[in-house]
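Coordinates as given in target_25.pdb (PDB, C-alpha atoms and all ligand atoms):
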ATOM      1  CA  MET J1280      -2.875 -19.675 -10.680
ATOM      2  CA  ASN J1281      -0.244 -22.361 -10.955
ATOM      3  CA  ILE J1282       2.517 -21.108  -8.648
ATOM      4  CA  PRO J1283       5.172 -23.730  -9.506
ATOM      5  CA  ASN J1284       4.763 -22.728 -13.148
ATOM      6  CA  LEU J1285       5.311 -18.996 -12.621
ATOM      7  CA  PRO J1286       8.724 -17.789 -13.765
ATOM      8  CA  LYS J1287      10.632 -16.392 -10.779
ATOM      9  CA  ILE J1288      13.611 -14.158 -10.083
ATOM     10  CA  GLU J1289      15.518 -14.609  -6.842
ATOM     11  CA  LEU J1290      18.029 -11.970  -5.786
ATOM     12  CA  HIS J1291      18.677 -12.826  -2.147
ATOM     13  CA  LEU J1292      19.978 -16.335  -1.728
ATOM     14  CA  HIS J1293      22.902 -17.603   0.370
ATOM     15  CA  LEU J1294      24.784 -20.551  -1.091
ATOM     16  CA  ASP J1295      25.910 -21.789   2.315
ATOM     17  CA  CYS J1296      22.376 -21.703   3.758
ATOM     18  CA  SER J1297      20.882 -23.777   0.955
ATOM     19  CA  LEU J1298      22.390 -27.276   1.141
ATOM     20  CA  SER J1299      19.788 -29.967   0.457
ATOM     21  CA  TYR J1300      19.728 -33.213   2.475
ATOM     22  CA  GLU J1301      20.863 -35.033  -0.661
ATOM     23  CA  VAL J1302      24.074 -33.037  -1.037
ATOM     24  CA  VAL J1303      24.846 -33.183   2.687
ATOM     25  CA  LYS J1304      24.504 -36.976   2.586
ATOM     26  CA  LYS J1305      26.836 -37.075  -0.372
ATOM     27  CA  LEU J1306      29.461 -34.887   1.300
ATOM     28  CA  ARG J1307      29.086 -36.405   4.746
ATOM     29  CA  PRO J1308      27.926 -39.992   4.264
ATOM     30  CA  GLY J1309      25.870 -41.433   7.069
ATOM     31  CA  THR J1310      24.194 -38.143   8.011
ATOM     32  CA  THR J1311      20.658 -38.968   9.132
ATOM     33  CA  ARG J1312      17.602 -36.874   8.354
ATOM     34  CA  GLU J1313      17.439 -35.933  12.062
ATOM     35  CA  GLU J1314      21.039 -34.730  12.088
ATOM     36  CA  TYR J1315      20.401 -32.732   8.935
ATOM     37  CA  GLU J1316      17.347 -31.077  10.447
ATOM     38  CA  ARG J1317      19.221 -30.289  13.652
ATOM     39  CA  ASP J1318      22.374 -28.874  12.038
ATOM     40  CA  PHE J1319      21.224 -27.293   8.778
ATOM     41  CA  ILE J1320      17.706 -25.995   9.477
ATOM     42  CA  ALA J1321      17.218 -23.155  11.952
ATOM     43  CA  PRO J1322      14.278 -23.341  14.422
ATOM     44  CA  GLU J1323      11.044 -21.858  13.108
ATOM     45  CA  ASN J1324      11.191 -19.143  15.726
ATOM     46  CA  CYS J1325      14.756 -18.342  16.764
ATOM     47  CA  ALA J1326      15.355 -16.212  19.826
ATOM     48  CA  SER J1327      17.427 -13.787  17.745
ATOM     49  CA  LEU J1328      19.276 -13.237  14.493
ATOM     50  CA  GLU J1329      22.317 -14.486  16.376
ATOM     51  CA  GLU J1330      20.725 -17.896  17.070
ATOM     52  CA  TYR J1331      19.668 -18.116  13.421
ATOM     53  CA  LEU J1332      23.187 -17.306  12.246
ATOM     54  CA  LYS J1333      24.613 -20.132  14.381
ATOM     55  CA  CYS J1334      22.853 -22.604  12.066
ATOM     56  CA  ALA J1335      24.748 -21.113   9.163
ATOM     57  CA  GLN J1336      28.028 -22.406  10.593
ATOM     58  CA  GLU J1337      27.653 -26.163  10.059
ATOM     59  CA  PRO J1338      27.381 -26.052   6.251
ATOM     60  CA  ILE J1339      30.540 -23.937   6.009
ATOM     61  CA  SER J1340      32.538 -26.877   7.401
ATOM     62  CA  ILE J1341      31.607 -29.026   4.379
ATOM     63  CA  MET J1342      32.277 -26.284   1.824
ATOM     64  CA  GLN J1343      36.061 -26.241   1.983
ATOM     65  CA  THR J1344      37.296 -28.193  -1.026
ATOM     66  CA  LYS J1345      36.864 -27.885  -4.776
ATOM     67  CA  GLU J1346      34.643 -30.986  -4.904
ATOM     68  CA  GLN J1347      32.458 -29.771  -2.033
ATOM     69  CA  LEU J1348      32.010 -26.262  -3.436
ATOM     70  CA  GLU J1349      31.142 -27.654  -6.863
ATOM     71  CA  ALA J1350      28.660 -30.121  -5.404
ATOM     72  CA  VAL J1351      26.764 -27.557  -3.307
ATOM     73  CA  THR J1352      26.607 -25.074  -6.185
ATOM     74  CA  LEU J1353      25.193 -27.637  -8.612
ATOM     75  CA  ASP J1354      22.814 -28.887  -5.910
ATOM     76  CA  LEU J1355      21.410 -25.369  -5.569
ATOM     77  CA  PHE J1356      20.803 -25.138  -9.318
ATOM     78  CA  GLU J1357      18.604 -28.242  -9.132
ATOM     79  CA  GLN J1358      16.543 -26.556  -6.404
ATOM     80  CA  LEU J1359      16.251 -23.373  -8.468
ATOM     81  CA  LYS J1360      15.041 -25.361 -11.438
ATOM     82  CA  THR J1361      12.348 -27.046  -9.342
ATOM     83  CA  ASP J1362      11.046 -23.594  -8.345
ATOM     84  CA  ASN J1363      11.092 -22.440 -11.974
ATOM     85  CA  VAL J1364      13.568 -19.695 -11.123
ATOM     86  CA  ILE J1365      14.693 -18.119 -14.394
ATOM     87  CA  TYR J1366      17.371 -15.929 -12.833
ATOM     88  CA  ALA J1367      19.120 -16.039  -9.460
ATOM     89  CA  GLU J1368      21.876 -14.109  -7.745
ATOM     90  CA  ILE J1369      23.740 -16.472  -5.436
ATOM     91  CA  ARG J1370      25.812 -15.015  -2.614
ATOM     92  CA  PHE J1371      28.498 -16.258  -0.263
ATOM     93  CA  ALA J1372      31.547 -15.022   1.649
ATOM     94  CA  PRO J1373      34.671 -16.477  -0.029
ATOM     95  CA  LEU J1374      36.881 -15.887   3.029
ATOM     96  CA  GLN J1375      34.892 -18.484   4.973
ATOM     97  CA  HIS J1376      36.084 -21.278   2.713
ATOM     98  CA  LEU J1377      39.853 -21.265   3.255
ATOM     99  CA  ASN J1378      40.152 -23.947   5.994
ATOM    100  CA  GLU J1379      41.476 -26.684   3.703
ATOM    101  CA  GLY J1380      44.080 -24.569   1.975
ATOM    102  CA  LEU J1381      42.210 -23.024  -0.941
ATOM    103  CA  SER J1382      42.971 -19.357  -1.585
ATOM    104  CA  ALA J1383      40.070 -16.895  -1.732
ATOM    105  CA  GLU J1384      40.726 -16.464  -5.435
ATOM    106  CA  GLU J1385      40.556 -20.228  -5.984
ATOM    107  CA  VAL J1386      37.292 -20.414  -4.045
ATOM    108  CA  VAL J1387      35.665 -17.774  -6.229
ATOM    109  CA  LYS J1388      37.019 -19.367  -9.388
ATOM    110  CA  ILE J1389      35.579 -22.763  -8.398
ATOM    111  CA  VAL J1390      32.117 -21.364  -7.596
ATOM    112  CA  ASP J1391      32.174 -19.234 -10.752
ATOM    113  CA  LYS J1392      32.980 -22.275 -12.926
ATOM    114  CA  ALA J1393      30.370 -24.406 -11.149
ATOM    115  CA  THR J1394      27.835 -21.621 -11.720
ATOM    116  CA  SER J1395      28.549 -21.634 -15.467
ATOM    117  CA  LYS J1396      28.124 -25.396 -15.409
ATOM    118  CA  GLY J1397      24.841 -25.089 -13.477
ATOM    119  CA  ILE J1398      23.499 -22.508 -15.938
ATOM    120  CA  GLU J1399      24.309 -24.762 -18.843
ATOM    121  CA  LYS J1400      22.888 -27.881 -17.204
ATOM    122  CA  THR J1401      19.607 -26.431 -15.915
ATOM    123  CA  GLY J1402      18.934 -23.382 -18.106
ATOM    124  CA  VAL J1403      18.605 -21.264 -14.955
ATOM    125  CA  GLU J1404      20.474 -17.985 -15.532
ATOM    126  CA  ALA J1405      22.541 -16.927 -12.513
ATOM    127  CA  ARG J1406      25.167 -14.532 -11.201
ATOM    128  CA  ILE J1407      27.261 -14.348  -8.031
ATOM    129  CA  ILE J1408      27.501 -11.776  -5.231
ATOM    130  CA  LEU J1409      30.483 -11.864  -2.865
ATOM    131  CA  CYS J1410      29.797 -11.034   0.775
ATOM    132  CA  THR J1411      31.855  -9.448   3.459
ATOM    133  CA  LEU J1412      30.593 -10.021   7.002
ATOM    134  CA  ARG J1413      29.898  -7.491   9.738
ATOM    135  CA  HIS J1414      32.470  -9.042  12.084
ATOM    136  CA  PHE J1415      35.190  -8.973   9.428
ATOM    137  CA  SER J1416      38.118  -6.560   9.679
ATOM    138  CA  GLU J1417      38.651  -3.666   7.280
ATOM    139  CA  GLU J1418      41.335  -5.731   5.513
ATOM    140  CA  GLU J1419      39.000  -8.687   5.038
ATOM    141  CA  SER J1420      36.288  -6.445   3.669
ATOM    142  CA  MET J1421      38.723  -4.818   1.271
ATOM    143  CA  GLU J1422      40.019  -8.215   0.170
ATOM    144  CA  THR J1423      36.447  -9.305  -0.596
ATOM    145  CA  VAL J1424      35.497  -6.231  -2.624
ATOM    146  CA  LYS J1425      38.761  -6.477  -4.559
ATOM    147  CA  LEU J1426      37.818 -10.051  -5.482
ATOM    148  CA  VAL J1427      34.627  -8.695  -7.070
ATOM    149  CA  GLU J1428      36.745  -6.291  -9.095
ATOM    150  CA  HIS J1429      39.246  -9.018  -9.977
ATOM    151  CA  PHE J1430      36.473 -11.286 -11.274
ATOM    152  CA  LYS J1431      34.782  -8.639 -13.414
ATOM    153  CA  GLY J1432      33.559 -10.194 -16.652
ATOM    154  CA  THR J1433      32.753 -13.561 -15.016
ATOM    155  CA  ASN J1434      29.527 -14.500 -13.230
ATOM    156  CA  VAL J1435      30.603 -12.351 -10.271
ATOM    157  CA  VAL J1436      28.589  -9.122 -10.401
ATOM    158  CA  GLY J1437      28.187  -7.630  -6.935
ATOM    159  CA  PHE J1438      29.188  -6.993  -3.348
ATOM    160  CA  ASP J1439      27.187  -7.441  -0.131
ATOM    161  CA  ILE J1440      27.601  -7.234   3.614
ATOM    162  CA  ALA J1441      25.896  -9.938   5.682
ATOM    163  CA  ALA J1442      25.885 -11.423   9.230
ATOM    164  CA  ASP J1443      25.111  -9.685  12.519
ATOM    165  CA  GLU J1444      23.567  -6.305  11.734
ATOM    166  CA  THR J1445      23.937  -5.120  15.328
ATOM    167  CA  LEU J1446      27.724  -4.849  14.872
ATOM    168  CA  PRO J1447      29.175  -1.490  13.782
ATOM    169  CA  ILE J1448      29.670  -0.543  10.132
ATOM    170  CA  ASP J1449      33.042   1.200  10.565
ATOM    171  CA  ASN J1450      35.261  -1.617   9.230
ATOM    172  CA  HIS J1451      33.369  -1.684   5.954
ATOM    173  CA  ILE J1452      32.992   1.920   4.846
ATOM    174  CA  LYS J1453      36.259   1.812   2.912
ATOM    175  CA  ALA J1454      35.219  -1.329   0.985
ATOM    176  CA  PHE J1455      31.945   0.251  -0.100
ATOM    177  CA  GLU J1456      33.832   3.396  -1.129
ATOM    178  CA  TYR J1457      36.089   1.213  -3.237
ATOM    179  CA  ALA J1458      33.015  -0.434  -4.772
ATOM    180  CA  ARG J1459      31.579   2.953  -5.680
ATOM    181  CA  GLU J1460      34.823   4.144  -7.238
ATOM    182  CA  HIS J1461      34.996   0.975  -9.341
ATOM    183  CA  GLY J1462      31.364   0.848 -10.419
ATOM    184  CA  ILE J1463      30.660  -2.356  -8.490
ATOM    185  CA  HIS J1464      26.986  -3.122  -7.801
ATOM    186  CA  CYS J1465      26.201  -3.237  -4.090
ATOM    187  CA  THR J1466      23.556  -4.511  -1.756
ATOM    188  CA  ALA J1467      23.708  -4.612   2.062
ATOM    189  CA  HIS J1468      21.858  -6.526   4.775
ATOM    190  CA  GLY J1469      19.904  -4.241   7.092
ATOM    191  CA  GLY J1470      16.540  -3.298   8.538
ATOM    192  CA  GLU J1471      16.161  -6.829   9.861
ATOM    193  CA  ALA J1472      17.604  -7.185  13.367
ATOM    194  CA  ARG J1473      17.559  -3.390  13.683
ATOM    195  CA  GLY J1474      14.969  -0.850  12.587
ATOM    196  CA  PRO J1475      14.841   2.183  10.279
ATOM    197  CA  GLU J1476      17.961   3.794  11.784
ATOM    198  CA  SER J1477      19.997   0.853  10.506
ATOM    199  CA  VAL J1478      18.637   1.316   6.979
ATOM    200  CA  ARG J1479      19.464   5.034   7.109
ATOM    201  CA  GLU J1480      22.950   4.229   8.345
ATOM    202  CA  ILE J1481      23.488   1.845   5.424
ATOM    203  CA  MET J1482      22.074   4.282   2.870
ATOM    204  CA  GLY J1483      24.231   7.113   4.166
ATOM    205  CA  ASN J1484      27.467   5.154   4.413
ATOM    206  CA  PHE J1485      27.345   2.287   1.912
ATOM    207  CA  HIS J1486      25.065   3.790  -0.788
ATOM    208  CA  PRO J1487      23.786   0.408  -2.081
ATOM    209  CA  SER J1488      21.202   0.171  -4.870
ATOM    210  CA  ARG J1489      19.483  -2.638  -2.943
ATOM    211  CA  ILE J1490      18.967  -3.598   0.672
ATOM    212  CA  GLY J1491      18.884  -7.174   1.932
ATOM    213  CA  HIS J1492      15.602  -7.335   3.861
ATOM    214  CA  GLY J1493      15.093  -3.653   4.772
ATOM    215  CA  VAL J1494      11.555  -4.626   5.761
ATOM    216  CA  ARG J1495      11.624  -2.666   8.997
ATOM    217  CA  SER J1496      11.751   0.511   6.897
ATOM    218  CA  ILE J1497       7.946   0.287   7.077
ATOM    219  CA  GLU J1498       8.241   1.463  10.689
ATOM    220  CA  ASP J1499       9.157   4.894   9.281
ATOM    221  CA  LEU J1500       6.997   5.937   6.335
ATOM    222  CA  LYS J1501       9.268   8.850   5.497
ATOM    223  CA  LEU J1502      12.113   6.381   5.064
ATOM    224  CA  LEU J1503       9.948   4.089   2.940
ATOM    225  CA  ASP J1504       9.151   7.009   0.631
ATOM    226  CA  ASP J1505      12.795   7.978   0.571
ATOM    227  CA  LEU J1506      13.693   4.460  -0.578
ATOM    228  CA  LYS J1507      11.029   4.650  -3.254
ATOM    229  CA  GLU J1508      12.213   8.015  -4.479
ATOM    230  CA  LYS J1509      15.818   6.824  -4.685
ATOM    231  CA  ASN J1510      14.624   3.588  -6.329
ATOM    232  CA  ILE J1511      16.373   1.440  -3.734
ATOM    233  CA  HIS J1512      15.160  -2.126  -4.056
ATOM    234  CA  LEU J1513      14.245  -4.258  -1.031
ATOM    235  CA  GLU J1514      15.107  -7.958  -1.147
ATOM    236  CA  VAL J1515      12.331  -9.359   1.029
ATOM    237  CA  CYS J1516      12.571 -12.853   2.565
ATOM    238  CA  PRO J1517       9.295 -13.456   4.462
ATOM    239  CA  SER J1518       9.932 -16.852   6.115
ATOM    240  CA  SER J1519      13.435 -15.884   7.177
ATOM    241  CA  ASN J1520      12.046 -12.773   8.882
ATOM    242  CA  VAL J1521       9.683 -14.964  10.902
ATOM    243  CA  GLN J1522      12.554 -17.242  11.924
ATOM    244  CA  THR J1523      14.669 -14.350  13.146
ATOM    245  CA  GLY J1524      11.760 -13.081  15.199
ATOM    246  CA  ILE J1525      10.775  -9.863  13.380
ATOM    247  CA  TYR J1526       7.238 -11.208  12.939
ATOM    248  CA  ASP J1527       5.368 -14.019  14.689
ATOM    249  CA  SER J1528       4.104 -15.428  11.402
ATOM    250  CA  VAL J1529       4.089 -14.652   7.682
ATOM    251  CA  ALA J1530       0.499 -13.450   8.125
ATOM    252  CA  GLN J1531       1.899 -10.606  10.220
ATOM    253  CA  HIS J1532       4.644  -9.741   7.755
ATOM    254  CA  ARG J1533       4.353  -6.212   6.333
ATOM    255  CA  ILE J1534       5.434  -7.018   2.771
ATOM    256  CA  ASN J1535       1.977  -6.210   1.428
ATOM    257  CA  GLU J1536       2.055  -2.713   2.915
ATOM    258  CA  ILE J1537       5.477  -2.103   1.374
ATOM    259  CA  TYR J1538       4.136  -3.345  -1.954
ATOM    260  CA  GLU J1539       1.042  -1.129  -1.663
ATOM    261  CA  ASN J1540       3.310   1.850  -1.036
ATOM    262  CA  GLY J1541       4.801   1.218  -4.473
ATOM    263  CA  ASN J1542       8.333   0.336  -3.371
ATOM    264  CA  SER J1543      10.542  -1.830  -5.539
ATOM    265  CA  LEU J1544      10.813  -5.233  -3.863
ATOM    266  CA  SER J1545      11.395  -8.897  -4.609
ATOM    267  CA  VAL J1546      10.462 -12.163  -2.912
ATOM    268  CA  ASN J1547      13.292 -14.453  -1.848
ATOM    269  CA  THR J1548      14.091 -17.442   0.360
ATOM    270  CA  ASP J1549      17.351 -16.110   1.922
ATOM    271  CA  GLY J1550      18.424 -19.729   2.485
ATOM    272  CA  ARG J1551      16.463 -22.746   1.333
ATOM    273  CA  ALA J1552      17.871 -25.136   3.936
ATOM    274  CA  ILE J1553      18.217 -22.847   6.926
ATOM    275  CA  SER J1554      14.653 -21.549   6.452
ATOM    276  CA  ASN J1555      13.356 -24.935   5.263
ATOM    277  CA  VAL J1556      11.468 -23.226   2.461
ATOM    278  CA  SER J1557      11.343 -23.212  -1.326
ATOM    279  CA  LEU J1558      10.495 -20.171  -3.413
ATOM    280  CA  ASN J1559       7.283 -21.904  -4.489
ATOM    281  CA  GLU J1560       6.321 -22.117  -0.815
ATOM    282  CA  GLU J1561       7.131 -18.443  -0.223
ATOM    283  CA  TYR J1562       4.813 -17.540  -3.111
ATOM    284  CA  GLN J1563       2.111 -19.847  -1.734
ATOM    285  CA  LYS J1564       2.312 -18.154   1.666
ATOM    286  CA  LEU J1565       1.873 -14.709   0.077
ATOM    287  CA  ASN J1566      -1.038 -15.983  -1.940
ATOM    288  CA  ARG J1567      -2.659 -17.464   1.160
ATOM    289  CA  HIS J1568      -2.134 -14.562   3.554
ATOM    290  CA  PHE J1569      -2.323 -11.532   1.263
ATOM    291  CA  ASP J1570      -4.199 -12.933  -1.707
ATOM    292  CA  TRP J1571      -1.297 -12.198  -4.007
ATOM    293  CA  GLN J1572      -2.153 -13.172  -7.552
ATOM    294  CA  LYS J1573      -0.264 -13.555 -10.791
ATOM    295  CA  GLU J1574      -0.082  -9.779 -11.350
ATOM    296  CA  HIS J1575       1.519  -9.219  -7.923
ATOM    297  CA  PHE J1576       4.177 -11.838  -8.608
ATOM    298  CA  ARG J1577       4.754 -10.488 -12.101
ATOM    299  CA  GLN J1578       5.209  -6.997 -10.674
ATOM    300  CA  VAL J1579       7.757  -8.044  -8.026
ATOM    301  CA  ASN J1580       9.649 -10.055 -10.625
ATOM    302  CA  LYS J1581       9.701  -7.012 -12.890
ATOM    303  CA  PHE J1582      11.128  -4.995 -10.001
ATOM    304  CA  ALA J1583      13.699  -7.736  -9.468
ATOM    305  CA  ILE J1584      14.853  -7.624 -13.094
ATOM    306  CA  GLU J1585      15.314  -3.854 -12.967
ATOM    307  CA  ALA J1586      17.291  -4.197  -9.718
ATOM    308  CA  ALA J1587      19.377  -7.188 -10.858
ATOM    309  CA  PHE J1588      23.140  -6.804 -11.209
ATOM    310  CA  CYS J1589      23.404  -8.531 -14.610
ATOM    311  CA  ASP J1590      23.858  -6.666 -17.910
ATOM    312  CA  GLU J1591      21.071  -5.182 -20.054
ATOM    313  CA  LYS J1592      21.239  -7.968 -22.612
ATOM    314  CA  THR J1593      20.478 -10.552 -19.935
ATOM    315  CA  LYS J1594      17.728  -8.321 -18.529
ATOM    316  CA  ASP J1595      16.086  -8.129 -21.953
ATOM    317  CA  LEU J1596      15.996 -11.911 -22.157
ATOM    318  CA  LEU J1597      14.481 -12.107 -18.670
ATOM    319  CA  ARG J1598      11.849  -9.468 -19.477
ATOM    320  CA  LYS J1599      10.860 -11.490 -22.493
ATOM    321  CA  LYS J1600      10.603 -14.715 -20.490
ATOM    322  CA  LEU J1601       8.444 -12.951 -17.935
ATOM    323  CA  THR J1602       6.005 -11.395 -20.408
ATOM    324  CA  ASP J1603       5.843 -14.477 -22.626
ATOM    325  CA  HIS J1604       4.512 -16.507 -19.777
TER     326      HIS J1604
HETATM  327 ZN    ZN J1701      20.552 -12.852   3.842
END

Structure re-expressed in structure tokens:
Amino acid sequence: MNIPNLPKIELHLHLDCSLSYEVVKKLRPGTTREEYERDFIAPENCASLEEYLKCAQEPISIMQTKEQLEAVTLDLFEQLKTDNVIYAEIRFAPLQHLNEGLSAEEVVKIVDKATSKGIEKTGVEARIILCTLRHFSEEESMETVKLVEHFKGTNVVGFDIAADETLPIDNHIKAFEYAREHGIHCTAHGGEARGPESVREIMGNFHPSRIGHGVRSIEDLKLLDDLKEKNIHLEVCPSSNVQTGIYDSVAQHRINEIYENGNSLSVNTDGRAISNVSLNEEYQKLNRHFDWQKEHFRQVNKFAIEAAFCDEKTKDLLRKKLTDH
């Protein structure tokens, strides 16, 4: 099996956690490799999700102008192309990029345009998910979901909640209600820093069609079956889960058990820089530790297409690319 050659779908990917050394050097000339590794890559085994999230702060500081946002978006497309990703959903929180005077609407417009440019340049199909963050206020969450609605018809196709899962959900219930009323596709981070109860809380209050991570659902088989029955897709990011301390190594990750249970899941990097991993490498790890072969990867990519937030026409094209290979 030639892993680099396999067509791949990636649904869980943070723009701000994926800056290559090349683009950082361009945006902040003089940055050494050591500085890049210190500031943009999280330790292999962080003490907590909180420590991991700290490493997500540095890149935000060089994603504040039109030129910077364009550069990091196009940089990510080059990385996607190298992994032979045929479709990606790229996510970020627009409200984190207002320090140099851009409005949230301008930020989304810039990334949307750069995404169209990246698609054209690389042939990698892609869409955008806008994130609210757990520590955001109700107003900030509402502002974010309304941006998704405002940008309907562009590359923007969904809404997510990210950041520290241990914080309460209360500020965000209204935004997810708004999403439901307006037919906006939703995913939500959970079942990572906290266990099955967090996934249940998200399902009961946010009603997303996908869950970012959700891997700790395996600790409650009833919940895992419930997810399967409701066809809720899990966006699994193995290396990231090791970094945030859920598992000691990828070999101990429970992705294979979730797969064997028949749940819809995909394989993702979460952040290529912060986790210092490519999607090719994630696939290689699964091949090495769980003997995943071409049919496993084809199956998870099929799941990913069904769970994607793009339209049916795009899905048909992706299905064809996957089966033609
Ligand atoms: Zn994530």

Quick one: residues within 12 Å of (34.7, -30.5, -3.7) (file frame), counting only C-alpha atoms, please, as a VMD selection string.
chain J and resid 1302 1305 to 1307 1340 to 1353 1376 1379 1381 1386 1389 to 1390 1393

For the contact check between chain J and ligand ZN 1701 (chain J), emit one row per residue of chain J within 8 Å, containing the shortest atom pair and the distance in Å rounded to one decimal, counting all atoms listed in the file, chain then rising number order, as a Markdown table.
| residue | atom | partner | partner_atom | distance |
| --- | --- | --- | --- | --- |
| J:His1291 | CA | J:ZN1701 | ZN | 6.3 |
| J:Leu1292 | CA | J:ZN1701 | ZN | 6.6 |
| J:His1293 | CA | J:ZN1701 | ZN | 6.3 |
| J:Ala1441 | CA | J:ZN1701 | ZN | 6.4 |
| J:Ala1442 | CA | J:ZN1701 | ZN | 7.7 |
| J:His1468 | CA | J:ZN1701 | ZN | 6.5 |
| J:Gly1491 | CA | J:ZN1701 | ZN | 6.2 |
| J:His1492 | CA | J:ZN1701 | ZN | 7.4 |
| J:Asp1549 | CA | J:ZN1701 | ZN | 5.0 |
| J:Gly1550 | CA | J:ZN1701 | ZN | 7.3 |

Keeping only C-alpha atoms, write those residues as a JSON list (two decimals), in the frame of the given file.
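Once everything was written out, this is out_35.json:
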[["chain", "number", "residue", "atom", "x", "y", "z"],
["J", 1291, "HIS", "CA", 18.68, -12.83, -2.15],
["J", 1292, "LEU", "CA", 19.98, -16.34, -1.73],
["J", 1293, "HIS", "CA", 22.90, -17.60, 0.37],
["J", 1441, "ALA", "CA", 25.90, -9.94, 5.68],
["J", 1442, "ALA", "CA", 25.88, -11.42, 9.23],
["J", 1468, "HIS", "CA", 21.86, -6.53, 4.78],
["J", 1491, "GLY", "CA", 18.88, -7.17, 1.93],
["J", 1492, "HIS", "CA", 15.60, -7.34, 3.86],
["J", 1549, "ASP", "CA", 17.35, -16.11, 1.92],
["J", 1550, "GLY", "CA", 18.42, -19.73, 2.48]]

Report as a PyMOL selection string the full result of the PyMOL selection byres (((chain J and resi 1323) around 10) and not hetatm) when it is applied to this structure.
chain J and resi 1320-1322+1324-1326+1331+1518-1519+1521-1524+1527-1528+1553-1555

Emit the selected residues as a PDB file, in the frame of the given file, including C-alpha atoms.
ATOM      1  CA  ILE J1320      17.706 -25.995   9.477  1.00  0.00           C
ATOM      2  CA  ALA J1321      17.218 -23.155  11.952  1.00  0.00           C
ATOM      3  CA  PRO J1322      14.278 -23.341  14.422  1.00  0.00           C
ATOM      4  CA  ASN J1324      11.191 -19.143  15.726  1.00  0.00           C
ATOM      5  CA  CYS J1325      14.756 -18.342  16.764  1.00  0.00           C
ATOM      6  CA  ALA J1326      15.355 -16.212  19.826  1.00  0.00           C
ATOM      7  CA  TYR J1331      19.668 -18.116  13.421  1.00  0.00           C
ATOM      8  CA  SER J1518       9.932 -16.852   6.115  1.00  0.00           C
ATOM      9  CA  SER J1519      13.435 -15.884   7.177  1.00  0.00           C
ATOM     10  CA  VAL J1521       9.683 -14.964  10.902  1.00  0.00           C
ATOM     11  CA  GLN J1522      12.554 -17.242  11.924  1.00  0.00           C
ATOM     12  CA  THR J1523      14.669 -14.350  13.146  1.00  0.00           C
ATOM     13  CA  GLY J1524      11.760 -13.081  15.199  1.00  0.00           C
ATOM     14  CA  ASP J1527       5.368 -14.019  14.689  1.00  0.00           C
ATOM     15  CA  SER J1528       4.104 -15.428  11.402  1.00  0.00           C
ATOM     16  CA  ILE J1553      18.217 -22.847   6.926  1.00  0.00           C
ATOM     17  CA  SER J1554      14.653 -21.549   6.452  1.00  0.00           C
ATOM     18  CA  ASN J1555      13.356 -24.935   5.263  1.00  0.00           C
TER      19      ASN J1555
END

Tell me which residues come within 8 Å of (21.1, -36.4, 2.9), as an NGL selection string, counting all atoms listed in the file in the file's coordinates.
:J and (1299-1305 or 1308 or 1310-1312 or 1315)

Could you write out as a list in words the residues that the PyMOL selection byres (((chain J and resi 1498) around 12) and not hetatm) matches in the shown file?
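When the PyMOL selection byres (((chain J and resi 1498) around 12) and not hetatm) is applied, the selected residues are Gly1470, Glu1471, Arg1473, Gly1474, Pro1475, Glu1476, Ser1477, Val1478, Gly1493, Val1494, Arg1495, Ser1496, Ile1497, Asp1499, Leu1500, Lys1501, Leu1502, Leu1503, Asp1504, Ile1525, Arg1533, Ile1534, Glu1536 and Ile1537 of chain J.
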
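Take atom CA of Asp1439 of chain J and atom CA of Gly1483 of chain J: the distance between them is 15.5 Å.
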
Contacts of segment 1423-1433 of chain J within 9 Å, all atoms listed in the file, excl. fewer than 5 positions in-chain, as number ranges by chain:
J: 1372-1374, 1383-1384, 1387-1388, 1391-1392, 1406-1411, 1418, 1438-1439, 1454-1455, 1457-1458, 1461, 1463

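Here atom CA of Asn1434 of chain J and atom CA of Ser1382 of chain J stand 18.4 Å from one another.
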
Shell around Glu1444 of chain J at 7 Å using all atoms listed in the file, local window under 4 positions removed, as a ChimeraX atom specification:
/J:1413,1469,1472-1473

Looking at only C-alpha atoms, which of J:Leu1377, J:Val1436, J:Lys1453, J:Leu1513 is the one that sits closest to Asp1590 of chain J?
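Checking each of J:Leu1377, J:Val1436, J:Lys1453, J:Leu1513 against Asp1590 of chain J, counting only C-alpha atoms, the winner is J:Val1436.
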
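Those residues that approach segment 1573-1576 of chain J to within 10 Å, counting all atoms listed in the file, are Met1280, Asn1281, Ile1282, Leu1285, Pro1286, Lys1287, Ile1288, Asn1535, Tyr1538, Ser1545, Val1546, Tyr1562, Leu1565, Asn1566 and Phe1582 of chain J; same-chain residues fewer than 6 positions away are not listed.
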
Separation of atom CA of Glu1514 of chain J from atom CA of Asp1570 of chain J in Å
19.9 Å

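When the PyMOL selection byres (((chain J and resi 1465) around 7) and not hetatm) is evaluated on the file shown here, the picked residues come out as Gly1437, Phe1438, Asp1439, Ile1463, His1464, Thr1466, Ala1467, Pro1487, Ser1488 and Arg1489 of chain J.
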
Report the centre and edge lengths, in Å to one decimal, of an axis-aligned box enclosing every atom of segment 1496-1505 of chain J listed in the file, padded by 3 Å on each side, as JSON.
{"center_x": 9.9, "center_y": 4.6, "center_z": 5.6, "size_x": 11.8, "size_y": 14.6, "size_z": 16.1}
